[in-house]
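> Structure in structure tokens, see below.
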Amino acid sequence: MRLKSKITEFFGYLGRYISHLLFSLYLLFTLFPLVWIISLSFKPHKAIIQQPPPLLFNPTIANFKAILIDVFTEQTVHASSRINIPMTLLNSTVISGFAVTLSLIVGIPAAYAFAKLTFVGKEDIAFTILSIRFAPALMVIVPMLAIFRRMGLVDTYIGLIFAYQLITLPMVVWIMRSFFEDIPDSIIESAEIDGANIFQKFSSVLIPIVKPGIGASATLAFIFAWHQLTFPLILGGSSTRTVTLGMLGFIGYERVMWGNMAAAIVIATIPTLLVAAFLQKYIVRGITMGAVKS
Amino acid sequence: MSRQIAEKFKPYFLSLPALLVLIGILYPFGLGVYYSLTAKTFTYMNEPFIGLGNYQELFNSPEFWRSVRITLQYAFGATFVQMGLGFLVAYYLDKFDIGTIKSILIIPFMVPPVIGALIWKVMLRPGQSGIINHLLSFIRLGPFEFLSDKSLALPSVIMIDTWLFTPFVILILYAGIRSVPRDLIEASKVDGASEFHRISKIMIPAMKTHILVALTFRFIDTLKLFDIIFTATRGGPASATMTLHVQSYFTTIRWLDLGPGMAYLFILWLLCFVSARFLVSRW
């Protein structure tokens, strides 16, 4: 009897240690690429091409200087001058920012209607908007390219901001719908008794209540818009090149500027990491588009 | 009376702006379906309607079936690995009560997929210049040509996908585990049920919705995956990672063959739509 409990205890310890070990491996798998790319971005070119890779090196900000202000020193190697990283950052910010703004303007009233009103075709329309999230993007943007060519919208901010609605609108509508559903009907009814019209009701009652939802959906929609590759790849061009597209430019050179590329990667990722910090509480509801309320 | 009419039209009035954008999305979609029934190319937009000709040709082409096979291998493989790994990590976080570490684990999910693929592409370089091969050499493994070996390319891109999106699964499943009533778990502990029994008979049934939601998003997003493969392998080597979505890009945008390319896309869309309908209805 005592032996048996000793054995169970032993396996309990063993199991615990194995699970700690496996989790550490997963943590390493998650963090190593990040740590490695950050260290690469601070490495002088000599240390990057050195074989085997040195553990210690003199950190430099030359790579960041090179991609941000186009200053090439001896420690970096020329060639990425064709990729104007600051310009791509600006393009990504403008396109993602306005795409989210447009989605909020058209999506919030619709989300309220889907959550609180009854009308013919409601669920069909709502599911159609959701199904855009599940459709392969090229199914819409390849024909969109044919249309944009006729309308002269290829490589324009307006064209891309509209195309980005494929990503941002379903998110805003479905996340906001779940936040509106949380509002008790009694609050809406009491506003109606006060004789408030629909605009007053929105501005003084509803919007203040769903503010966290607006923040969460805007943040997540911005992140996913920032991540986009296919839209600018197909509908964009040299004057609207986004940061994701700029990154692809680093592939295919005979001599890849590893250090410059690493610095560009770090800079292009910082914006989404920064805004993600605001998400914490609503992140699960956001990434499941309101399906899971936690 | 007029007030009643106003009330009746209010929902439509409120959703009108979104409906207009929706029409702006559905119109090109419909046009795309029509294109798939024509012989149009981006250079000859006047080519005629040919009915199901493009589809017939696809169904008879080995390249199409190869793409279908690779797409399904990718989707099932990546989804299976990420759901399994995501559950194990979520369970671990809950068991040892270290949920706060999520904010670190989530970072890869916030990295744009293009950039995640780019980081791994550099790390997985063939020969000693790749850091992964360099590290593997210490335990006398490799060197491997991860992304340029026909049999390793698909597992390698699935690994990149796993790095990027397992955090997504962890977040949802962790929320699921936390939503299981604690007394339910405590009661089974008192009953002396084994840990495995507790997980399979109590925890998983109680968090079914969370599992289905995570599964839906991962399965469909891997079916239509584009960015990672386009960055890491461009469908190569020798089409070993040529999924339907990537194939359709080359057909329509590179070779300008609008008709056959849209047929590819419509079939992929159908696959995604049917899966979404099926899975979402079970949430």
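Residues are named by chain letter and number: chains run A, B, ... in the order of the structure tokens, numbers start at 1 in each chain, and ligands are numbered from 1 in the order shown.
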Please check the contacts: residues of chain B at most 6 Å away from chain A, using only C-alpha atoms, listed as number ranges by chain.

B: 11, 14-15, 17-18, 28-29, 32, 111-112, 172, 224, 265, 269

> So that I can check the surroundings of A:Gly246, please list as a PyMOL selection string every protein, DNA and RNA residue that reaches within 7 Å of it, counting only C-alpha atoms and ignoring chain neighbours fewer than 6 positions away.

chain A and resi 83+85+88

> If you measure from atom CA of A:Ser178 to atom CA of A:Ser217, what distance in Å do you get, rounded to one decimal?

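It comes out at 10.8 Å.
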
> What does the distance from atom CA of B:Met207 to atom CA of B:Gly176 come to in Å, to one decimal?

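Between atom CA of B:Met207 and atom CA of B:Gly176 the gap is 5.2 Å.
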
> Tell me which of A:Leu21, A:Ile95, A:Ala62, A:Ala191 sits closest to A:Ser204, counting only C-alpha atoms.

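Of the candidates, the smallest distance to A:Ser204 is held by A:Ala191.
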